Amino acid sequence: MQRTASRIALALACALPALASAALDVAGLAKDISACDDFYDYANRHWLEKTAIPDDKPGWGTFAIIEQRNKARLKDILATAAKANPFPAGSNRHKVVAYYASGMDEAAIAKAGLAPLKPLMDAIDAVRSPADLPAAFAALHRAGVKAGFAFAVRQDAKNSRRYLAEIRQDGLGLPDRDYYFRDDERSTAQRNAYQEHLAKVFGLAGEGRRAVNHIAASVMYTEKLLAGAQMTLVERRDPDRTYNLRTVEALAKEAPGFDWKAYFAAIGAPALADINVAQPAYAAAFAKLAAERPVTDWQAYLRWHVIHAASTKLPRAFEEAHFAFFQKTLTGVATMPPREDRVIDAISGRYGQEPLAHAIGELFVGESFPPEAKRRALDLVGHVKAALRERLEANDWMEDATRRAALEKLDRMAVKIGYPDRWRDFSSAEVGDRPFAANWLAANAFEFRRNLARLGQPVDRGDWWMSPHVVNAYYGSSHNEIVFPAGILQSPYFDPKADDAVNFGGIGMVIGHEITHGFDDRGRRYDAEGNLRDWWTPADRERYRERAQAVVAQYDAYTGVDGLKVNGKLTLGENLSDLGGLRIAYLGLQRALAGKPRGAIDGFTPEQRFFLAFAQAWRSRVRPEQERLRLLTDSHSPPLYRVQGPLANLPEFSRAFSCPADSRAVRAQGEQVSIW
């Protein structure tokens, strides 16, 4: 039936007049190869051949292009406003403009030197015995410095209607615990370079030439001891393993050697009753090290993490040293980005989660996201959600009890588009006319207080985890929500004036991806209310695992730079969401096209344009160093496989391009994986 429909659509397309091209790089197609052999190459080869990675970027592609465009808008807004801050004093916009202006004032940053960090350094200097460590760690955590472990307040995974305090492993300088133990030549070289970086930074901070190497070795050894007790990235993906509710008294007994009660009192939570200990074995190991390691080693470790966290807000020598290792060595970036970009990045953070990032988002959406864009995006979401509902209703491997629960979860999945209904209030953040690092510390202190104050309060389901200007999207398991910031709702991912095929292949696939996260190997373990609860029948749970394991095996076979393999277990959730998301986006397109003319554009049917838009949305060039870093630490597969992997499992793709059964881009029918 579907094959017949596809042929009818193609015939109609040929009969209708050709339309003008929109938001699709047709000229860049490599038509000398078959779309059925390597679709990523077919869609992107000419772009890949002619596109250079900018010297100040670890990679370049659709995400980065949109991000640069968004950042250019922000730079114009901030640069103009910074000359004479036009916003009301105390307002979010006034504070973030003042914050930005302090980041651009390099003379004031140089004059201040390390002085803004003095309160933290004094807290470290006050440590005379292990009994003093809780107060020092608390001082750093309140200031936003990650050291030893992390403290957070988030929704209780098993009771999403309340906030719960949590401690989890943290406090490493290298990207992941495994960086301390891999014995290949490149990893060894990176560890050596990291220790040299430590020594250089301590030298910049005023330590004598004879002392810096000893101090650097001490910090490196402390971090290695901490790393050895930490869970791997794959282990941390299991939400049941990282949910371990304890009373504070039980934590003190299980993890002796560190005065947890004193720590909680010092951060401002003396009456804390229970807490989630994400990694109990790590908490015990950390506490033991706190009691046994020399105080001087802990002081060196804490000083390093203060300077490391602040580096991009300090005088240029510190910033350049930070760039030389964490960017040049680890990601291959050749030159530092412009000052304006670095300041925006420092205020915003990677995922728009730094304290005043939402104030930047407030500036952005006023210029870049009109109401009609939100209406069109909501229409797309409606079609994609409806497509998954139809899939669930017709699913042939799921029992009725599981199906009913899955449908309830989908129906109750909240949708957030563009920006929050209510902006965060930053009026109590003590950000203003002061050095950049001092503003950074004040912003962090505000955010810590804001989060701590959530304890005992009703859960705010209107809150956004990610700032609206960020080029990304997410599924929130405890809220059971999908969120699409204005930052990603931009061309070529989303264009309100583009044809349906292009929009569904771009942002529609992203929408489907985030919806499917609610049903990936982790998301499926949360119910409609957002609680971690097993709502699957035993038979369905096993059938799901069998299908998921087939996806693990598929991606384990993919190879990246230096012969490194994709980690199928680490990337499973993203791969499942790519596969399910692409399928339901395609079916959503079919719903949107129902009853409409299906004319060809540039000779391509809507189905073909859908897949072309999808493949071009993931076009990307990445430096070898950055690709290596991602293969070792990122839960996402490389862009090439984010295209090739899902397409290999989709009969809809084969039909769209009339691919023979033995095509290289398509897996044999019996090997194709279908879950959602």
# chains A, B, ... in the order shown; residues from 1 in each chain; ligands from 1
call {"tool": "select_by_dssp", "arguments": {"residues": "range 511-575 of chain A", "states": "strand (DSSP E or B)", "output": "MDAnalysis selection string"}}
result
chainID A and resid 526 532 559 565
call {"tool": "select_by_dssp", "arguments": {"residues": "range 130-241 of chain A", "states": "helix (DSSP H, G or I)", "output": "PyMOL selection string"}}
result
chain A and resi 130-142+177-180+185-204+209-228+235-237
call {"tool": "residues_around", "arguments": {"residues": "Pro639 in chain A", "least_positions_apart": "6", "cutoff": "7 Å", "atoms": "only C-alpha atoms", "output": "list in words"}}
result
Trp618, Arg619 and Ser620 of chain A
call {"tool": "residues_around", "arguments": {"residues": "Asn480 in chain A", "least_positions_apart": "4", "cutoff": "10 Å", "atoms": "only C-alpha atoms", "output": "VMD selection string"}}
result
chain A and resid 160 409 to 410 412 to 415 461 475 to 476 515 517 to 518 523 526 to 531
call {"tool": "closest_residue", "arguments": {"among": "A:Tyr555, A:Trp60, A:Tyr40, A:Phe369", "to": "Tyr419 in chain A", "atoms": "only C-alpha atoms"}}
result
A:Phe369
call {"tool": "residues_around", "arguments": {"residues": "range 447-458 of chain A", "least_positions_apart": "2", "cutoff": "8 Å", "atoms": "only C-alpha atoms", "output": "list in words"}}
result
Arg142, Ala143, Gly144, Ala152, Val153, Arg161, Arg162, Tyr163, Leu164, Ala165, Gly268, Ala269, Pro355, Ala443, Asn444, Ala445 and Asp460 of chain A
call {"tool": "closest_residue", "arguments": {"among": "A:His358, A:Arg241, A:Lys146, A:Lys596", "to": "Asp170 in chain A", "atoms": "only C-alpha atoms"}}
result
A:Lys146
call {"tool": "residues_around", "arguments": {"residues": "Gly103 in chain A", "least_positions_apart": "5", "cutoff": "10 Å", "atoms": "only C-alpha atoms", "output": "number ranges by chain"}}
result
A: 97-98, 108-109, 312-314, 339-340, 342-344, 346-347, 434-437, 439-440
call {"tool": "write_last_selection", "arguments": {"atoms": "N, CA, C and O atoms", "output": "mmCIF file, in the first residue's frame"}}
result
data_model
loop_
_atom_site.group_PDB
_atom_site.id
_atom_site.type_symbol
_atom_site.label_atom_id
_atom_site.label_comp_id
_atom_site.auth_asym_id
_atom_site.auth_seq_id
_atom_site.Cartn_x
_atom_site.Cartn_y
_atom_site.Cartn_z
ATOM 1 N N VAL A 97 23.681 43.296 30.429
ATOM 2 C CA VAL A 97 24.488 44.253 29.662
ATOM 3 C C VAL A 97 25.695 44.702 30.494
ATOM 4 O O VAL A 97 26.823 44.799 29.982
ATOM 5 N N ALA A 98 25.484 44.965 31.788
ATOM 6 C CA ALA A 98 26.602 45.331 32.665
ATOM 7 C C ALA A 98 27.603 44.186 32.779
ATOM 8 O O ALA A 98 28.833 44.407 32.786
ATOM 9 N N ALA A 108 40.269 46.638 33.024
ATOM 10 C CA ALA A 108 39.796 46.431 34.396
ATOM 11 C C ALA A 108 40.067 45.004 34.857
ATOM 12 O O ALA A 108 40.392 44.771 36.032
ATOM 13 N N ILE A 109 39.944 44.056 33.935
ATOM 14 C CA ILE A 109 40.232 42.660 34.270
ATOM 15 C C ILE A 109 41.699 42.503 34.646
ATOM 16 O O ILE A 109 42.040 41.839 35.639
ATOM 17 N N THR A 312 38.584 31.934 32.185
ATOM 18 C CA THR A 312 38.111 32.751 31.066
ATOM 19 C C THR A 312 37.600 34.118 31.525
ATOM 20 O O THR A 312 37.193 34.930 30.690
ATOM 21 N N LYS A 313 37.643 34.369 32.826
ATOM 22 C CA LYS A 313 37.230 35.670 33.359
ATOM 23 C C LYS A 313 38.407 36.433 33.972
ATOM 24 O O LYS A 313 38.227 37.497 34.571
ATOM 25 N N LEU A 314 39.604 35.896 33.837
ATOM 26 C CA LEU A 314 40.810 36.461 34.453
ATOM 27 C C LEU A 314 41.677 37.168 33.401
ATOM 28 O O LEU A 314 41.350 37.149 32.208
ATOM 29 N N ARG A 339 36.982 38.470 21.103
ATOM 30 C CA ARG A 339 36.674 38.751 22.504
ATOM 31 C C ARG A 339 35.162 38.740 22.766
ATOM 32 O O ARG A 339 34.697 38.182 23.771
ATOM 33 N N GLU A 340 34.389 39.346 21.871
ATOM 34 C CA GLU A 340 32.945 39.402 22.076
ATOM 35 C C GLU A 340 32.348 38.006 22.191
ATOM 36 O O GLU A 340 31.489 37.748 23.046
ATOM 37 N N ARG A 342 33.891 35.258 23.127
ATOM 38 C CA ARG A 342 34.336 34.597 24.357
ATOM 39 C C ARG A 342 33.546 35.084 25.567
ATOM 40 O O ARG A 342 33.228 34.299 26.469
ATOM 41 N N VAL A 343 33.224 36.361 25.593
ATOM 42 C CA VAL A 343 32.470 36.905 26.721
ATOM 43 C C VAL A 343 31.043 36.358 26.724
ATOM 44 O O VAL A 343 30.527 35.946 27.769
ATOM 45 N N ILE A 344 30.413 36.321 25.547
ATOM 46 C CA ILE A 344 29.061 35.760 25.468
ATOM 47 C C ILE A 344 29.070 34.297 25.885
ATOM 48 O O ILE A 344 28.191 33.838 26.626
ATOM 49 N N ALA A 346 31.182 32.856 27.923
ATOM 50 C CA ALA A 346 31.432 32.765 29.364
ATOM 51 C C ALA A 346 30.155 33.056 30.157
ATOM 52 O O ALA A 346 29.889 32.410 31.181
ATOM 53 N N ILE A 347 29.353 33.990 29.697
ATOM 54 C CA ILE A 347 28.110 34.330 30.398
ATOM 55 C C ILE A 347 27.053 33.262 30.161
ATOM 56 O O ILE A 347 26.281 32.914 31.057
ATOM 57 N N ARG A 434 31.674 46.077 38.322
ATOM 58 C CA ARG A 434 32.771 45.422 39.029
ATOM 59 C C ARG A 434 33.530 44.570 38.023
ATOM 60 O O ARG A 434 33.049 44.350 36.911
ATOM 61 N N PRO A 435 34.706 44.043 38.366
ATOM 62 C CA PRO A 435 35.472 43.231 37.414
ATOM 63 C C PRO A 435 34.696 41.985 36.969
ATOM 64 O O PRO A 435 33.819 41.483 37.686
ATOM 65 N N PHE A 436 35.030 41.502 35.810
ATOM 66 C CA PHE A 436 34.331 40.386 35.193
ATOM 67 C C PHE A 436 34.265 39.179 36.122
ATOM 68 O O PHE A 436 33.199 38.564 36.303
ATOM 69 N N ALA A 437 35.390 38.814 36.722
ATOM 70 C CA ALA A 437 35.423 37.642 37.602
ATOM 71 C C ALA A 437 34.536 37.857 38.826
ATOM 72 O O ALA A 437 33.891 36.920 39.315
ATOM 73 N N ASN A 439 31.796 39.708 38.898
ATOM 74 C CA ASN A 439 30.424 39.535 38.414
ATOM 75 C C ASN A 439 30.088 38.060 38.227
ATOM 76 O O ASN A 439 28.971 37.619 38.529
ATOM 77 N N TRP A 440 31.048 37.315 37.731
ATOM 78 C CA TRP A 440 30.852 35.871 37.546
ATOM 79 C C TRP A 440 30.575 35.192 38.890
ATOM 80 O O TRP A 440 29.646 34.388 39.009
#
call {"tool": "decode", "arguments": {"residues": "range 219-247 of chain A", "atoms": "N, CA and C atoms", "output": "PDB file, in the first residue's frame"}}
result
ATOM      1  N   VAL A 219      48.248  17.741  42.326  1.00  0.00           N
ATOM      2  CA  VAL A 219      46.874  17.900  41.840  1.00  0.00           C
ATOM      3  C   VAL A 219      46.515  16.762  40.896  1.00  0.00           C
ATOM      4  N   MET A 220      47.436  16.443  40.019  1.00  0.00           N
ATOM      5  CA  MET A 220      47.184  15.360  39.057  1.00  0.00           C
ATOM      6  C   MET A 220      46.929  14.040  39.786  1.00  0.00           C
ATOM      7  N   TYR A 221      47.686  13.768  40.817  1.00  0.00           N
ATOM      8  CA  TYR A 221      47.531  12.519  41.562  1.00  0.00           C
ATOM      9  C   TYR A 221      46.197  12.499  42.311  1.00  0.00           C
ATOM     10  N   THR A 222      45.829  13.640  42.912  1.00  0.00           N
ATOM     11  CA  THR A 222      44.545  13.716  43.623  1.00  0.00           C
ATOM     12  C   THR A 222      43.392  13.464  42.662  1.00  0.00           C
ATOM     13  N   GLU A 223      43.448  14.080  41.498  1.00  0.00           N
ATOM     14  CA  GLU A 223      42.381  13.892  40.515  1.00  0.00           C
ATOM     15  C   GLU A 223      42.332  12.444  40.027  1.00  0.00           C
ATOM     16  N   LYS A 224      43.483  11.820  39.895  1.00  0.00           N
ATOM     17  CA  LYS A 224      43.494  10.424  39.451  1.00  0.00           C
ATOM     18  C   LYS A 224      42.851   9.522  40.505  1.00  0.00           C
ATOM     19  N   LEU A 225      43.107   9.802  41.768  1.00  0.00           N
ATOM     20  CA  LEU A 225      42.471   9.022  42.837  1.00  0.00           C
ATOM     21  C   LEU A 225      40.955   9.197  42.807  1.00  0.00           C
ATOM     22  N   LEU A 226      40.507  10.429  42.586  1.00  0.00           N
ATOM     23  CA  LEU A 226      39.067  10.683  42.494  1.00  0.00           C
ATOM     24  C   LEU A 226      38.480   9.984  41.267  1.00  0.00           C
ATOM     25  N   ALA A 227      39.182  10.069  40.154  1.00  0.00           N
ATOM     26  CA  ALA A 227      38.698   9.457  38.914  1.00  0.00           C
ATOM     27  C   ALA A 227      38.542   7.954  39.061  1.00  0.00           C
ATOM     28  N   GLY A 228      39.455   7.324  39.786  1.00  0.00           N
ATOM     29  CA  GLY A 228      39.415   5.876  39.942  1.00  0.00           C
ATOM     30  C   GLY A 228      38.175   5.380  40.668  1.00  0.00           C
ATOM     31  N   ALA A 229      37.523   6.262  41.413  1.00  0.00           N
ATOM     32  CA  ALA A 229      36.322   5.866  42.164  1.00  0.00           C
ATOM     33  C   ALA A 229      35.038   6.226  41.427  1.00  0.00           C
ATOM     34  N   GLN A 230      35.153   6.864  40.278  1.00  0.00           N
ATOM     35  CA  GLN A 230      33.965   7.356  39.593  1.00  0.00           C
ATOM     36  C   GLN A 230      33.357   6.325  38.652  1.00  0.00           C
ATOM     37  N   MET A 231      32.049   6.421  38.458  1.00  0.00           N
ATOM     38  CA  MET A 231      31.357   5.613  37.464  1.00  0.00           C
ATOM     39  C   MET A 231      31.779   6.035  36.066  1.00  0.00           C
ATOM     40  N   THR A 232      31.713   5.095  35.122  1.00  0.00           N
ATOM     41  CA  THR A 232      31.976   5.434  33.724  1.00  0.00           C
ATOM     42  C   THR A 232      30.768   6.160  33.141  1.00  0.00           C
ATOM     43  N   LEU A 233      30.959   6.746  31.965  1.00  0.00           N
ATOM     44  CA  LEU A 233      29.863   7.434  31.298  1.00  0.00           C
ATOM     45  C   LEU A 233      28.705   6.487  31.004  1.00  0.00           C
ATOM     46  N   VAL A 234      29.018   5.266  30.607  1.00  0.00           N
ATOM     47  CA  VAL A 234      27.962   4.297  30.310  1.00  0.00           C
ATOM     48  C   VAL A 234      27.212   3.918  31.584  1.00  0.00           C
ATOM     49  N   GLU A 235      27.927   3.691  32.673  1.00  0.00           N
ATOM     50  CA  GLU A 235      27.275   3.338  33.937  1.00  0.00           C
ATOM     51  C   GLU A 235      26.352   4.447  34.420  1.00  0.00           C
ATOM     52  N   ARG A 236      26.749   5.680  34.190  1.00  0.00           N
ATOM     53  CA  ARG A 236      25.949   6.818  34.655  1.00  0.00           C
ATOM     54  C   ARG A 236      24.667   7.002  33.856  1.00  0.00           C
ATOM     55  N   ARG A 237      24.529   6.319  32.731  1.00  0.00           N
ATOM     56  CA  ARG A 237      23.308   6.428  31.943  1.00  0.00           C
ATOM     57  C   ARG A 237      22.137   5.685  32.585  1.00  0.00           C
ATOM     58  N   ASP A 238      22.411   4.826  33.541  1.00  0.00           N
ATOM     59  CA  ASP A 238      21.360   4.026  34.169  1.00  0.00           C
ATOM     60  C   ASP A 238      20.726   4.839  35.301  1.00  0.00           C
ATOM     61  N   PRO A 239      19.489   5.327  35.131  1.00  0.00           N
ATOM     62  CA  PRO A 239      18.895   6.191  36.171  1.00  0.00           C
ATOM     63  C   PRO A 239      18.640   5.476  37.482  1.00  0.00           C
ATOM     64  N   ASP A 240      18.463   4.148  37.460  1.00  0.00           N
ATOM     65  CA  ASP A 240      18.262   3.427  38.719  1.00  0.00           C
ATOM     66  C   ASP A 240      19.560   3.343  39.525  1.00  0.00           C
ATOM     67  N   ARG A 241      20.687   3.223  38.830  1.00  0.00           N
ATOM     68  CA  ARG A 241      21.971   3.155  39.534  1.00  0.00           C
ATOM     69  C   ARG A 241      22.341   4.482  40.164  1.00  0.00           C
ATOM     70  N   THR A 242      21.834   5.570  39.607  1.00  0.00           N
ATOM     71  CA  THR A 242      22.184   6.888  40.141  1.00  0.00           C
ATOM     72  C   THR A 242      21.080   7.467  41.025  1.00  0.00           C
ATOM     73  N   TYR A 243      20.130   6.621  41.424  1.00  0.00           N
ATOM     74  CA  TYR A 243      19.115   7.060  42.386  1.00  0.00           C
ATOM     75  C   TYR A 243      19.295   6.250  43.659  1.00  0.00           C
ATOM     76  N   ASN A 244      19.803   6.912  44.673  1.00  0.00           N
ATOM     77  CA  ASN A 244      20.093   6.239  45.944  1.00  0.00           C
ATOM     78  C   ASN A 244      19.725   7.184  47.082  1.00  0.00           C
ATOM     79  N   LEU A 245      18.463   7.135  47.486  1.00  0.00           N
ATOM     80  CA  LEU A 245      17.960   8.047  48.502  1.00  0.00           C
ATOM     81  C   LEU A 245      18.535   7.683  49.871  1.00  0.00           C
ATOM     82  N   ARG A 246      19.090   8.679  50.550  1.00  0.00           N
ATOM     83  CA  ARG A 246      19.692   8.484  51.862  1.00  0.00           C
ATOM     84  C   ARG A 246      19.277   9.617  52.793  1.00  0.00           C
ATOM     85  N   THR A 247      19.212   9.310  54.074  1.00  0.00           N
ATOM     86  CA  THR A 247      19.163  10.382  55.057  1.00  0.00           C
ATOM     87  C   THR A 247      20.581  10.914  55.216  1.00  0.00           C
TER      88      THR A 247
END
